>>> print(open('model_19.txt').read())   # compact mmCIF, C-alpha atoms
# COMPACT_ATOMS: atom_id res chain seq x y z
CA MET A 270 50.72 0.14 -34.69
CA ARG A 271 47.07 0.50 -33.70
CA SER A 272 44.73 2.32 -36.06
CA PRO A 273 43.20 5.69 -35.06
CA ARG A 274 39.75 4.08 -35.19
CA PHE A 275 40.79 1.58 -32.51
CA LEU A 276 42.01 4.42 -30.29
CA ILE A 277 38.74 6.34 -30.66
CA VAL A 278 36.66 3.28 -29.74
CA ALA A 279 38.91 2.56 -26.77
CA LEU A 280 38.62 6.14 -25.54
CA LEU A 281 34.81 6.11 -25.86
CA LEU A 282 34.61 2.82 -23.95
CA ALA A 283 36.84 4.16 -21.19
CA ALA A 284 34.78 7.34 -20.94
CA GLY A 285 31.58 5.31 -20.73
CA ILE A 286 32.92 3.06 -17.98
CA ALA A 287 34.24 6.04 -16.02
CA GLY A 288 30.94 7.89 -16.38
CA GLY A 289 28.95 4.88 -15.23
CA ALA A 290 31.21 4.39 -12.23
CA TRP A 291 30.79 8.05 -11.29
CA LEU A 292 27.00 7.82 -11.51
CA LEU A 293 26.98 4.74 -9.29
CA SER A 294 29.33 6.26 -6.74
CA ALA A 295 27.29 9.46 -6.65
CA GLY A 296 24.10 7.46 -6.04
CA LEU A 297 22.36 9.00 -9.06
CA PRO A 298 19.66 7.11 -10.99
CA PHE A 299 21.35 5.03 -13.66
CA GLY A 300 19.26 4.67 -16.78
CA ARG A 301 15.94 5.17 -14.94
CA GLY A 302 14.49 8.18 -13.19
CA GLU A 303 11.65 8.88 -10.83
CA PRO A 304 8.29 10.23 -12.00
CA GLU A 305 8.44 14.02 -11.91
CA THR A 306 4.73 14.84 -12.12
CA ALA A 307 2.78 11.83 -10.94
CA THR A 308 2.29 11.09 -7.27
CA VAL A 309 3.17 7.45 -6.69
CA LEU A 310 1.60 5.70 -3.72
CA PRO A 311 4.20 3.89 -1.61
CA ILE A 312 1.62 1.18 -0.97
CA PRO A 313 -0.94 0.71 -3.78
CA LEU A 314 -4.57 1.09 -2.73
CA PRO A 315 -6.76 -1.88 -3.74
CA LEU A 316 -10.00 -0.82 -5.41
CA THR A 317 -13.19 -1.96 -3.76
CA GLU A 318 -15.77 -3.99 -5.62
CA PHE A 319 -18.02 -2.03 -7.98
CA THR A 320 -20.31 -2.74 -10.92
CA LEU A 321 -20.70 -0.31 -13.81
CA THR A 322 -21.60 -0.73 -17.48
CA ASP A 323 -19.22 -0.02 -20.33
CA HIS A 324 -20.01 1.66 -23.66
CA ASN A 325 -20.72 -1.73 -25.24
CA GLY A 326 -23.33 -2.52 -22.62
CA ASP A 327 -21.08 -5.05 -20.89
CA PRO A 328 -20.50 -5.14 -17.13
CA PHE A 329 -17.43 -3.24 -15.99
CA THR A 330 -16.21 -4.34 -12.59
CA ARG A 331 -13.05 -4.43 -10.51
CA ALA A 332 -12.18 -7.65 -12.33
CA SER A 333 -12.28 -5.74 -15.64
CA LEU A 334 -9.29 -3.74 -14.46
CA GLN A 335 -7.20 -6.77 -13.58
CA GLY A 336 -4.45 -7.90 -15.91
CA ASP A 337 -3.72 -4.56 -17.58
CA TRP A 338 -2.68 -1.04 -16.67
CA HIS A 339 -5.46 1.55 -16.82
CA LEU A 340 -5.74 5.31 -16.70
CA LEU A 341 -9.00 6.23 -15.00
CA PHE A 342 -10.63 9.61 -14.91
CA PHE A 343 -14.08 10.96 -14.13
CA GLY A 344 -15.99 13.28 -16.44
CA PHE A 345 -19.06 13.59 -18.65
CA THR A 346 -19.73 14.08 -22.34
CA HIS A 347 -21.49 17.46 -21.98
CA CYS A 348 -18.33 18.89 -20.44
CA PRO A 349 -16.98 21.13 -23.21
CA ASP A 350 -13.53 21.99 -21.94
CA ILE A 351 -11.61 19.94 -19.41
CA CYS A 352 -13.01 16.44 -20.14
CA PRO A 353 -12.39 16.27 -23.90
CA ALA A 354 -9.05 17.98 -23.35
CA THR A 355 -8.03 15.33 -20.82
CA LEU A 356 -9.22 12.51 -23.06
CA GLN A 357 -7.33 14.05 -25.97
CA GLN A 358 -4.15 14.37 -23.91
CA LEU A 359 -4.37 10.79 -22.68
CA SER A 360 -5.04 9.52 -26.19
CA ILE A 361 -2.06 11.42 -27.61
CA ALA A 362 0.16 10.18 -24.78
CA ARG A 363 -0.91 6.60 -25.43
CA LYS A 364 -0.13 6.96 -29.14
CA ARG A 365 3.30 8.41 -28.38
CA LEU A 366 4.09 5.59 -25.96
CA ALA A 367 3.04 3.08 -28.62
CA GLU A 368 5.20 4.79 -31.24
CA ALA A 369 8.15 4.69 -28.85
CA GLY A 370 7.64 0.95 -28.39
CA HIS A 371 6.58 1.07 -24.75
CA ALA A 372 4.68 -1.93 -23.47
CA PRO A 373 2.38 -2.65 -21.83
CA LEU A 374 0.24 0.28 -22.90
CA PRO A 375 -2.35 1.50 -20.41
CA ASP A 376 -5.98 1.47 -21.44
CA ILE A 377 -7.98 4.63 -20.82
CA VAL A 378 -11.29 4.63 -18.96
CA MET A 379 -13.59 7.62 -18.72
CA VAL A 380 -16.08 7.15 -15.92
CA SER A 381 -19.11 9.31 -16.69
CA VAL A 382 -20.69 10.79 -13.59
CA ASP A 383 -23.67 11.84 -15.72
CA PRO A 384 -25.71 8.65 -16.23
CA GLU A 385 -28.82 10.75 -16.84
CA ARG A 386 -27.49 12.06 -20.16
CA ASP A 387 -24.62 9.69 -20.95
CA THR A 388 -26.36 6.63 -22.27
CA THR A 389 -24.39 3.62 -23.45
CA GLU A 390 -24.88 4.69 -27.06
CA LYS A 391 -23.75 8.24 -26.40
CA LEU A 392 -20.66 7.06 -24.54
CA ALA A 393 -19.83 4.69 -27.39
CA ARG A 394 -19.96 7.47 -29.97
CA TYR A 395 -18.02 9.81 -27.72
CA VAL A 396 -15.07 7.60 -26.80
CA SER A 397 -14.75 6.07 -30.26
CA ASN A 398 -13.40 9.41 -31.49
CA PHE A 399 -10.29 9.25 -29.40
CA GLY A 400 -8.69 6.15 -30.85
CA ASP A 401 -7.94 2.69 -29.53
CA GLY A 402 -7.82 1.49 -25.99
CA ILE A 403 -10.46 3.85 -24.64
CA LYS A 404 -13.55 2.81 -22.76
CA GLY A 405 -16.49 4.82 -21.45
CA VAL A 406 -18.30 3.48 -18.41
CA THR A 407 -21.13 4.66 -16.20
CA GLY A 408 -23.80 3.38 -13.86
CA ARG A 409 -26.44 4.35 -11.36
CA TYR A 410 -25.47 6.95 -8.80
CA ASP A 411 -24.97 4.38 -6.04
CA GLN A 412 -22.85 2.27 -8.39
CA LEU A 413 -20.69 5.26 -9.29
CA GLN A 414 -20.23 6.07 -5.63
CA ALA A 415 -18.96 2.55 -4.96
CA LEU A 416 -15.97 3.32 -7.20
CA ALA A 417 -15.59 7.05 -6.66
CA LYS A 418 -15.88 7.38 -2.90
CA PRO A 419 -12.99 5.08 -1.86
CA LEU A 420 -10.80 6.89 -4.42
CA GLY A 421 -11.67 10.28 -2.96
CA ILE A 422 -13.37 11.40 -6.17
CA TYR A 423 -15.76 14.29 -5.73
CA TYR A 424 -18.55 15.34 -8.06
CA GLU A 425 -21.48 17.65 -7.61
CA TYR A 426 -24.42 18.45 -9.90
CA GLU A 427 -24.93 22.17 -10.42
CA PRO A 428 -28.49 23.58 -10.60
CA PRO A 429 -29.90 23.43 -14.15
CA ASP A 430 -30.45 26.58 -16.19
CA ASP A 431 -33.77 27.59 -17.75
CA ASP A 432 -33.23 25.11 -20.60
CA GLY A 433 -32.48 22.23 -18.24
CA ASN A 434 -28.75 22.21 -19.00
CA TYR A 435 -26.56 21.54 -16.02
CA ASN A 436 -22.89 21.31 -15.30
CA ILE A 437 -21.08 18.91 -13.02
CA SER A 438 -18.15 19.94 -10.88
CA HIS A 439 -15.80 17.02 -10.53
CA SER A 440 -12.34 15.83 -9.60
CA VAL A 441 -9.99 15.92 -12.55
CA ALA A 442 -7.16 13.68 -11.37
CA VAL A 443 -6.05 10.89 -13.69
CA MET A 444 -5.58 7.70 -11.72
CA VAL A 445 -3.09 5.02 -12.66
CA ILE A 446 -4.49 1.58 -11.87
CA ASN A 447 -2.07 -1.35 -11.90
CA PRO A 448 -2.88 -4.86 -13.21
CA GLN A 449 -3.86 -5.91 -9.69
CA ALA A 450 -6.70 -3.34 -9.81
CA GLU A 451 -4.93 -1.13 -7.28
CA LEU A 452 -4.47 2.62 -7.36
CA LYS A 453 -0.75 2.95 -7.99
CA ALA A 454 -0.32 6.64 -8.85
CA LEU A 455 -2.21 9.75 -9.85
CA PHE A 456 -1.70 12.80 -12.02
CA SER A 457 -3.17 16.05 -10.73
CA ALA A 458 -4.46 18.78 -13.07
CA PRO A 459 -3.45 20.69 -15.07
CA HIS A 460 -2.52 17.80 -17.27
CA ASP A 461 0.27 17.67 -19.79
CA VAL A 462 0.93 15.10 -22.50
CA SER A 463 4.68 15.14 -21.93
CA ALA A 464 4.21 14.37 -18.23
CA PHE A 465 2.14 11.30 -19.07
CA VAL A 466 4.68 10.18 -21.66
CA SER A 467 7.68 10.60 -19.38
CA ASP A 468 6.19 9.31 -16.12
CA LEU A 469 4.01 6.38 -17.16
CA PRO A 470 6.87 4.10 -18.31
CA LEU A 471 8.65 4.77 -15.02
CA ILE A 472 5.55 3.91 -13.00
CA VAL A 473 4.95 0.73 -15.00
CA SER A 474 8.56 -0.43 -14.89
CA ALA A 475 8.82 0.17 -11.15
CA GLN A 476 5.94 -2.22 -10.51
CA MET H 121 6.66 51.67 -63.80
CA ARG H 122 5.18 48.29 -63.11
CA ARG H 123 7.83 47.65 -60.45
CA ARG H 124 7.04 50.93 -58.67
CA LEU H 125 3.34 50.04 -58.39
CA PHE H 126 4.18 46.72 -56.79
CA CYS H 127 6.18 48.59 -54.16
CA ILE H 128 3.61 51.23 -53.39
CA VAL H 129 0.56 49.03 -52.95
CA PRO H 130 1.96 46.74 -50.24
CA LEU H 131 3.41 49.71 -48.33
CA TRP H 132 0.10 51.50 -48.33
CA PHE H 133 -1.72 48.32 -47.22
CA PHE H 134 0.74 47.71 -44.39
CA ALA H 135 0.57 51.28 -43.15
CA ALA H 136 -3.24 51.29 -43.10
CA GLY H 137 -3.33 48.03 -41.15
CA CYS H 138 -0.91 49.21 -38.50
CA ALA H 139 -1.89 52.79 -37.88
CA PRO H 140 -3.07 53.10 -34.27
CA GLY H 141 -6.70 54.07 -33.89
CA ASP H 142 -7.60 53.39 -37.50
CA GLY H 143 -8.85 49.83 -37.11
CA PRO H 144 -11.80 48.52 -35.12
CA PRO H 145 -11.31 48.66 -31.35
CA LEU H 146 -11.94 44.96 -30.82
CA VAL H 147 -9.68 42.49 -32.61
CA ALA H 148 -9.59 38.70 -32.24
CA SER H 149 -6.55 36.55 -32.84
CA ASP H 150 -5.49 32.93 -32.33
CA ILE H 151 -9.03 31.66 -32.79
CA VAL H 152 -9.43 27.94 -32.22
CA ALA H 153 -12.83 26.26 -32.09
CA TYR H 154 -13.47 22.57 -31.62
CA ALA H 155 -16.41 20.75 -33.16
CA PRO H 156 -18.87 18.97 -30.90
CA LEU H 157 -17.81 15.41 -30.35
CA PRO H 158 -20.28 12.80 -31.58
CA GLY H 159 -22.67 12.23 -28.71
CA ALA H 160 -22.10 15.74 -27.36
CA ARG H 161 -24.08 18.91 -28.13
CA ASN H 162 -21.44 21.45 -27.13
CA ALA H 163 -18.58 23.11 -28.94
CA VAL H 164 -15.97 25.40 -27.49
CA ALA H 165 -14.04 28.36 -28.84
CA TYR H 166 -10.80 29.93 -27.64
CA MET H 167 -9.17 33.16 -28.79
CA ASP H 168 -7.38 36.27 -27.72
CA LEU H 169 -9.65 39.34 -27.77
CA ASN H 170 -7.73 42.59 -27.79
CA ASN H 171 -9.08 46.05 -27.19
CA GLU H 172 -6.88 48.23 -29.35
CA SER H 173 -8.63 51.47 -28.45
CA ASP H 174 -7.92 53.92 -25.65
CA SER H 175 -11.23 53.36 -23.91
CA ALA H 176 -12.88 50.32 -22.34
CA VAL H 177 -14.96 48.06 -24.56
CA THR H 178 -18.16 46.58 -23.15
CA ILE H 179 -19.29 43.39 -24.80
CA THR H 180 -23.06 43.22 -24.79
CA ARG H 181 -23.82 39.94 -26.54
CA VAL H 182 -22.18 36.93 -28.11
CA SER H 183 -24.06 34.70 -30.50
CA SER H 184 -23.65 32.30 -33.38
CA PRO H 185 -26.09 31.43 -36.13
CA ASP H 186 -24.69 27.91 -35.92
CA PHE H 187 -25.62 27.29 -32.28
CA ALA H 188 -28.75 27.98 -30.28
CA SER H 189 -26.77 29.71 -27.57
CA ALA H 190 -23.30 31.00 -26.85
CA GLU H 191 -22.09 31.83 -23.37
CA TRP H 192 -18.94 33.04 -21.67
CA HIS H 193 -17.76 30.37 -19.27
CA GLU H 194 -14.76 29.82 -17.08
CA THR H 195 -13.28 26.53 -15.94
CA THR H 196 -11.48 26.74 -12.64
CA ILE H 197 -9.56 24.01 -10.89
CA GLU H 198 -9.36 24.31 -7.15
CA ASN H 199 -8.13 21.52 -4.89
CA GLY H 200 -8.23 19.16 -7.86
CA ILE H 201 -11.89 19.88 -8.61
CA SER H 202 -12.97 21.39 -11.91
CA ARG H 203 -15.87 23.83 -11.80
CA MET H 204 -17.43 25.72 -14.64
CA VAL H 205 -19.22 28.99 -14.10
CA GLN H 206 -21.07 31.22 -16.51
CA LEU H 207 -19.61 34.69 -16.73
CA ASP H 208 -21.30 38.01 -17.36
CA ASP H 209 -20.58 39.75 -20.63
CA PRO H 210 -17.03 40.99 -20.22
CA VAL H 211 -15.57 44.49 -20.22
CA ILE H 212 -12.10 44.79 -21.72
CA ASP H 213 -10.04 47.71 -20.45
CA ALA H 214 -8.40 50.16 -22.83
CA GLY H 215 -5.44 48.44 -24.43
CA GLY H 216 -6.30 45.27 -22.55
CA SER H 217 -7.14 41.78 -23.66
CA LEU H 218 -9.35 38.86 -22.79
CA LEU H 219 -7.67 35.50 -23.21
CA LEU H 220 -9.93 32.55 -23.84
CA GLN H 221 -7.99 29.34 -23.44
CA GLN H 222 -8.33 25.67 -22.64
CA GLY H 223 -8.89 25.12 -18.94
CA GLY H 224 -9.78 28.78 -18.39
CA LYS H 225 -12.22 31.28 -19.83
CA HIS H 226 -13.88 30.09 -23.00
CA LEU H 227 -16.88 30.50 -25.23
CA MET H 228 -19.28 27.64 -24.81
CA LEU H 229 -21.52 26.97 -27.80
CA MET H 230 -24.59 24.85 -27.15
CA GLU H 231 -27.08 23.01 -29.31
CA PRO H 232 -25.98 23.20 -32.95
CA THR H 233 -28.63 24.57 -35.31
CA ARG H 234 -27.22 22.50 -38.17
CA PRO H 235 -24.81 19.57 -38.36
CA MET H 236 -21.47 20.86 -37.14
CA ALA H 237 -18.37 18.73 -37.45
CA ALA H 238 -14.66 19.23 -37.92
CA GLY H 239 -14.22 21.25 -41.11
CA SER H 240 -17.53 23.11 -40.73
CA THR H 241 -17.42 26.88 -40.78
CA LEU H 242 -18.34 28.54 -37.52
CA THR H 243 -19.55 32.13 -37.37
CA LEU H 244 -19.37 34.08 -34.13
CA ARG H 245 -20.87 37.52 -33.56
CA ILE H 246 -19.64 39.62 -30.69
CA ALA H 247 -21.68 42.79 -30.14
CA TYR H 248 -20.01 45.55 -28.17
CA ASP H 249 -20.34 49.20 -27.26
CA GLY H 250 -23.96 49.34 -28.31
CA ASP H 251 -24.03 49.01 -32.06
CA ARG H 252 -20.60 47.67 -32.95
CA LEU H 253 -20.17 44.12 -34.12
CA LEU H 254 -17.17 41.86 -34.47
CA GLU H 255 -18.00 38.97 -36.77
CA LEU H 256 -15.58 36.07 -36.85
CA THR H 257 -15.48 32.95 -38.97
CA THR H 258 -13.27 29.98 -38.40
CA THR H 259 -13.12 26.34 -39.35
CA LEU H 260 -14.02 23.91 -36.61
CA LYS H 261 -11.18 21.64 -35.61
CA ASP H 262 -11.27 18.03 -34.55
CA ARG H 263 -10.80 17.76 -30.79
CA THR H 264 -9.34 14.30 -31.16
CA ALA H 265 -6.59 15.35 -33.58
CA PRO H 266 -3.11 15.66 -32.08
>>> encode(input="model_19.txt", output="structure tokens")
Amino acid sequence: MRSPRFLIVALLLAAGIAGGAWLLSAGLPFGRGEPETATVLPIPLPLTEFTLTDHNGDPFTRASLQGDWHLLFFGFTHCPDICPATLQQLSIARKRLAEAGHAPLPDIVMVSVDPERDTTEKLARYVSNFGDGIKGVTGRYDQLQALAKPLGIYYEYEPPDDDGNYNISHSVAVMVINPQAELKALFSAPHDVSAFVSDLPLIVSAQ
Amino acid sequence: MRRRLFCIVPLWFFAAGCAPGDGPPLVASDIVAYAPLPGARNAVAYMDLNNESDSAVTITRVSSPDFASAEWHETTIENGISRMVQLDDPVIDAGGSLLLQQGGKHLMLMEPTRPMAAGSTLTLRIAYDGDRLLELTTTLKDRTAP
């Protein structure tokens, strides 16, 4: 006489096997989905060579992106709304991925398109507020263009007001760079923490 | 007797607060303001401004004693490009509202007149309809906090 506990376990196992077989026969994703928000490039786009400077004063080049996943976006520290919001969302997403045990974690890079105002020291103070794994980089205009142009990043300096303050219109996509320093995927605005958290592990694991 | 007083006072207070037309025409709710990040000189404020009167409200000036200037701005995203434009002082229709929110219309506060960080008290003054004034105070939040 088998115990009721044995019967329950046997039934659960049978249900699991049947469910798995149905998923396979129906051609549905089994245990892994597709990114719902990010646009994944079928063929990753290698980044061209560029030379910028990071918030520590060290060179930041294409080689700096090799070996780890990175989330790259363009902004500037005087931007009061969309840039800090994006950095905050990326930082929260990174923390949630870490808490959930996902590895490898992508590092975050804010490329400042405002080298006039965003000095190395200012970038260092700015990015240090958002937690670990965040870098601020910038460079001369021609150096910025060497990275931005091949990626299709647009930015434009608006005329200054009477006090000399100016705004910069800029692309707000978040770019996912793989450890080979290639553009693998991108997130278009408006951004959402949950989209980063759900899609990034899928993009990384599909590599 | 003591119990009756406890009942009457809250009822009177509630009725006064809810009677239509009794309160000021312009009311702000859901106020969130973020402190300038270190290295930045700008703060931002979001809120819902409601015109609870039966005639349009014309805002004539926004200011803060804590910042050299305060301006109405709007962030728009078109074709993946974020642009920010300065807006004229707004007019809020009778019974209407003006929603200031992240990634949309917002109050941009520039050049702090004193050290302003998360936890600091921010005062905003919104002048409207000539001589009326809505003064708001809120505690600045940390933009980096989840």
>>> residues_around(input="model_19.txt", residues="Pro185 (chain H)", least_positions_apart="3", cutoff="9 Å", atoms="all atoms listed in the file", output="list of chain:residue names")
H:Ala188, H:Ser189, H:Pro232, H:Thr233, H:Leu242, H:Thr243, H:Leu244, H:Arg245
>>> interface_residues(input="model_19.txt", of="chain H", to="chain A", cutoff="12 Å", atoms="all atoms listed in the file", output="mmCIF file with C-alpha atoms, in the coordinates of the input")
data_model
loop_
_atom_site.group_PDB
_atom_site.id
_atom_site.type_symbol
_atom_site.label_atom_id
_atom_site.label_comp_id
_atom_site.auth_asym_id
_atom_site.auth_seq_id
_atom_site.Cartn_x
_atom_site.Cartn_y
_atom_site.Cartn_z
ATOM 1 C CA ALA H 153 -12.830 26.260 -32.090
ATOM 2 C CA TYR H 154 -13.470 22.570 -31.620
ATOM 3 C CA ALA H 155 -16.410 20.750 -33.160
ATOM 4 C CA PRO H 156 -18.870 18.970 -30.900
ATOM 5 C CA LEU H 157 -17.810 15.410 -30.350
ATOM 6 C CA PRO H 158 -20.280 12.800 -31.580
ATOM 7 C CA GLY H 159 -22.670 12.230 -28.710
ATOM 8 C CA ALA H 160 -22.100 15.740 -27.360
ATOM 9 C CA ARG H 161 -24.080 18.910 -28.130
ATOM 10 C CA ASN H 162 -21.440 21.450 -27.130
ATOM 11 C CA ALA H 163 -18.580 23.110 -28.940
ATOM 12 C CA VAL H 164 -15.970 25.400 -27.490
ATOM 13 C CA ALA H 165 -14.040 28.360 -28.840
ATOM 14 C CA TYR H 166 -10.800 29.930 -27.640
ATOM 15 C CA ALA H 188 -28.750 27.980 -30.280
ATOM 16 C CA SER H 189 -26.770 29.710 -27.570
ATOM 17 C CA GLU H 191 -22.090 31.830 -23.370
ATOM 18 C CA HIS H 193 -17.760 30.370 -19.270
ATOM 19 C CA GLU H 194 -14.760 29.820 -17.080
ATOM 20 C CA THR H 195 -13.280 26.530 -15.940
ATOM 21 C CA THR H 196 -11.480 26.740 -12.640
ATOM 22 C CA ILE H 197 -9.560 24.010 -10.890
ATOM 23 C CA GLU H 198 -9.360 24.310 -7.150
ATOM 24 C CA ASN H 199 -8.130 21.520 -4.890
ATOM 25 C CA GLY H 200 -8.230 19.160 -7.860
ATOM 26 C CA ILE H 201 -11.890 19.880 -8.610
ATOM 27 C CA SER H 202 -12.970 21.390 -11.910
ATOM 28 C CA ARG H 203 -15.870 23.830 -11.800
ATOM 29 C CA MET H 204 -17.430 25.720 -14.640
ATOM 30 C CA VAL H 205 -19.220 28.990 -14.100
ATOM 31 C CA GLN H 206 -21.070 31.220 -16.510
ATOM 32 C CA LEU H 220 -9.930 32.550 -23.840
ATOM 33 C CA GLN H 221 -7.990 29.340 -23.440
ATOM 34 C CA GLN H 222 -8.330 25.670 -22.640
ATOM 35 C CA GLY H 223 -8.890 25.120 -18.940
ATOM 36 C CA GLY H 224 -9.780 28.780 -18.390
ATOM 37 C CA LYS H 225 -12.220 31.280 -19.830
ATOM 38 C CA HIS H 226 -13.880 30.090 -23.000
ATOM 39 C CA LEU H 227 -16.880 30.500 -25.230
ATOM 40 C CA MET H 228 -19.280 27.640 -24.810
ATOM 41 C CA LEU H 229 -21.520 26.970 -27.800
ATOM 42 C CA MET H 230 -24.590 24.850 -27.150
ATOM 43 C CA GLU H 231 -27.080 23.010 -29.310
ATOM 44 C CA ALA H 238 -14.660 19.230 -37.920
ATOM 45 C CA ASP H 262 -11.270 18.030 -34.550
ATOM 46 C CA ARG H 263 -10.800 17.760 -30.790
ATOM 47 C CA THR H 264 -9.340 14.300 -31.160
ATOM 48 C CA ALA H 265 -6.590 15.350 -33.580
ATOM 49 C CA PRO H 266 -3.110 15.660 -32.080
#
>>> atom_distance(input="model_19.txt", atom1="CA of Pro384 (chain A)", atom2="CA of Thr308 (chain A)")
29.5 Å
>>> axis_aligned_box(input="model_19.txt", around="region 251-264 of chain H", padding_each_side="4 Å", output="AutoDock Vina command-line options")
--center_x -16.7 --center_y 31.7 --center_z -35.1 --size_x 22.7 --size_y 42.7 --size_z 16.6
>>> residues_around(input="model_19.txt", residues="Asn447 (chain A)", least_positions_apart="6", cutoff="7 Å", atoms="all atoms listed in the file", output="list in words")
Asp337, Trp338, His339 and Lys453 of chain A
>>> residues_near_point(input="model_19.txt", point="(-17.7, 37.0, -27.1)", cutoff="7 Å", atoms="only C-alpha atoms", output="list in words")
Ile179, Arg181, Val182, Trp192, Leu227 and Ile246 of chain H
>>> write_last_selection(input="model_19.txt", atoms="C-alpha atoms", output="CSV table (one decimal), in the frame of the given file")
chain,number,residue,atom,x,y,z
H,179,ILE,CA,-19.3,43.4,-24.8
H,181,ARG,CA,-23.8,39.9,-26.5
H,182,VAL,CA,-22.2,36.9,-28.1
H,192,TRP,CA,-18.9,33.0,-21.7
H,227,LEU,CA,-16.9,30.5,-25.2
H,246,ILE,CA,-19.6,39.6,-30.7
>>> atom_distance(input="model_19.txt", atom1="CA of Pro328 (chain A)", atom2="CA of His371 (chain A)")
28.8 Å
>>> atom_distance(input="model_19.txt", atom1="CA of Asn170 (chain H)", atom2="CA of Val462 (chain A)")
29.3 Å
>>> residues_near_point(input="model_19.txt", point="(-5.7, 8.7, -9.1)", cutoff="6 Å", atoms="only C-alpha atoms", output="compact mmCIF listing (two decimals) with C-alpha atoms, in the coordinates of the input")
# COMPACT_ATOMS: atom_id res chain seq x y z
CA ALA A 442 -7.16 13.68 -11.37
CA VAL A 443 -6.05 10.89 -13.69
CA MET A 444 -5.58 7.70 -11.72
CA VAL A 445 -3.09 5.02 -12.66
CA ALA A 454 -0.32 6.64 -8.85
CA LEU A 455 -2.21 9.75 -9.85
>>> residues_around(input="model_19.txt", residues="Thr322 (chain A)", least_positions_apart="3", cutoff="9 Å", atoms="only C-alpha atoms", output="list in words")
Asn325, Gly326, Asp327, Pro328, Phe329, Thr330, Thr389, Gly405, Val406, Thr407 and Gly408 of chain A
>>> build_atoms(input="model_19.txt", residues="region 308-322 of chain A", atoms="N, CA and C atoms", output="short mmCIF file (atom, residue, chain, number, x, y, z; two decimals), keeping the file's coordinate frame")
data_model
loop_
_atom_site.label_atom_id
_atom_site.label_comp_id
_atom_site.auth_asym_id
_atom_site.auth_seq_id
_atom_site.Cartn_x
_atom_site.Cartn_y
_atom_site.Cartn_z
N THR A 308 2.09 11.47 -8.67
CA THR A 308 2.29 11.09 -7.27
C THR A 308 2.13 9.59 -7.17
N VAL A 309 3.19 8.91 -6.77
CA VAL A 309 3.17 7.45 -6.69
C VAL A 309 2.90 7.04 -5.24
N LEU A 310 1.93 6.16 -5.06
CA LEU A 310 1.60 5.70 -3.72
C LEU A 310 2.66 4.69 -3.26
N PRO A 311 3.21 4.86 -2.08
CA PRO A 311 4.20 3.89 -1.61
C PRO A 311 3.60 2.50 -1.47
N ILE A 312 2.34 2.47 -1.04
CA ILE A 312 1.62 1.18 -0.97
C ILE A 312 0.35 1.33 -1.82
N PRO A 313 0.24 0.57 -2.91
CA PRO A 313 -0.94 0.71 -3.78
C PRO A 313 -2.24 0.45 -3.01
N LEU A 314 -3.27 1.19 -3.40
CA LEU A 314 -4.57 1.09 -2.73
C LEU A 314 -5.49 0.17 -3.54
N PRO A 315 -5.86 -0.99 -2.99
CA PRO A 315 -6.76 -1.88 -3.74
C PRO A 315 -8.13 -1.23 -3.94
N LEU A 316 -8.66 -1.35 -5.15
CA LEU A 316 -10.00 -0.82 -5.41
C LEU A 316 -11.03 -1.73 -4.78
N THR A 317 -12.11 -1.14 -4.31
CA THR A 317 -13.19 -1.96 -3.76
C THR A 317 -14.05 -2.49 -4.91
N GLU A 318 -14.91 -3.41 -4.58
CA GLU A 318 -15.77 -3.99 -5.62
C GLU A 318 -16.79 -2.95 -6.11
N PHE A 319 -17.03 -2.94 -7.40
CA PHE A 319 -18.02 -2.03 -7.98
C PHE A 319 -18.58 -2.68 -9.25
N THR A 320 -19.72 -2.24 -9.67
CA THR A 320 -20.31 -2.74 -10.92
C THR A 320 -20.85 -1.57 -11.73
N LEU A 321 -20.23 -1.34 -12.88
CA LEU A 321 -20.70 -0.31 -13.81
C LEU A 321 -20.99 -0.98 -15.15
N THR A 322 -21.34 -0.19 -16.14
CA THR A 322 -21.60 -0.73 -17.48
C THR A 322 -20.74 0.02 -18.49
#
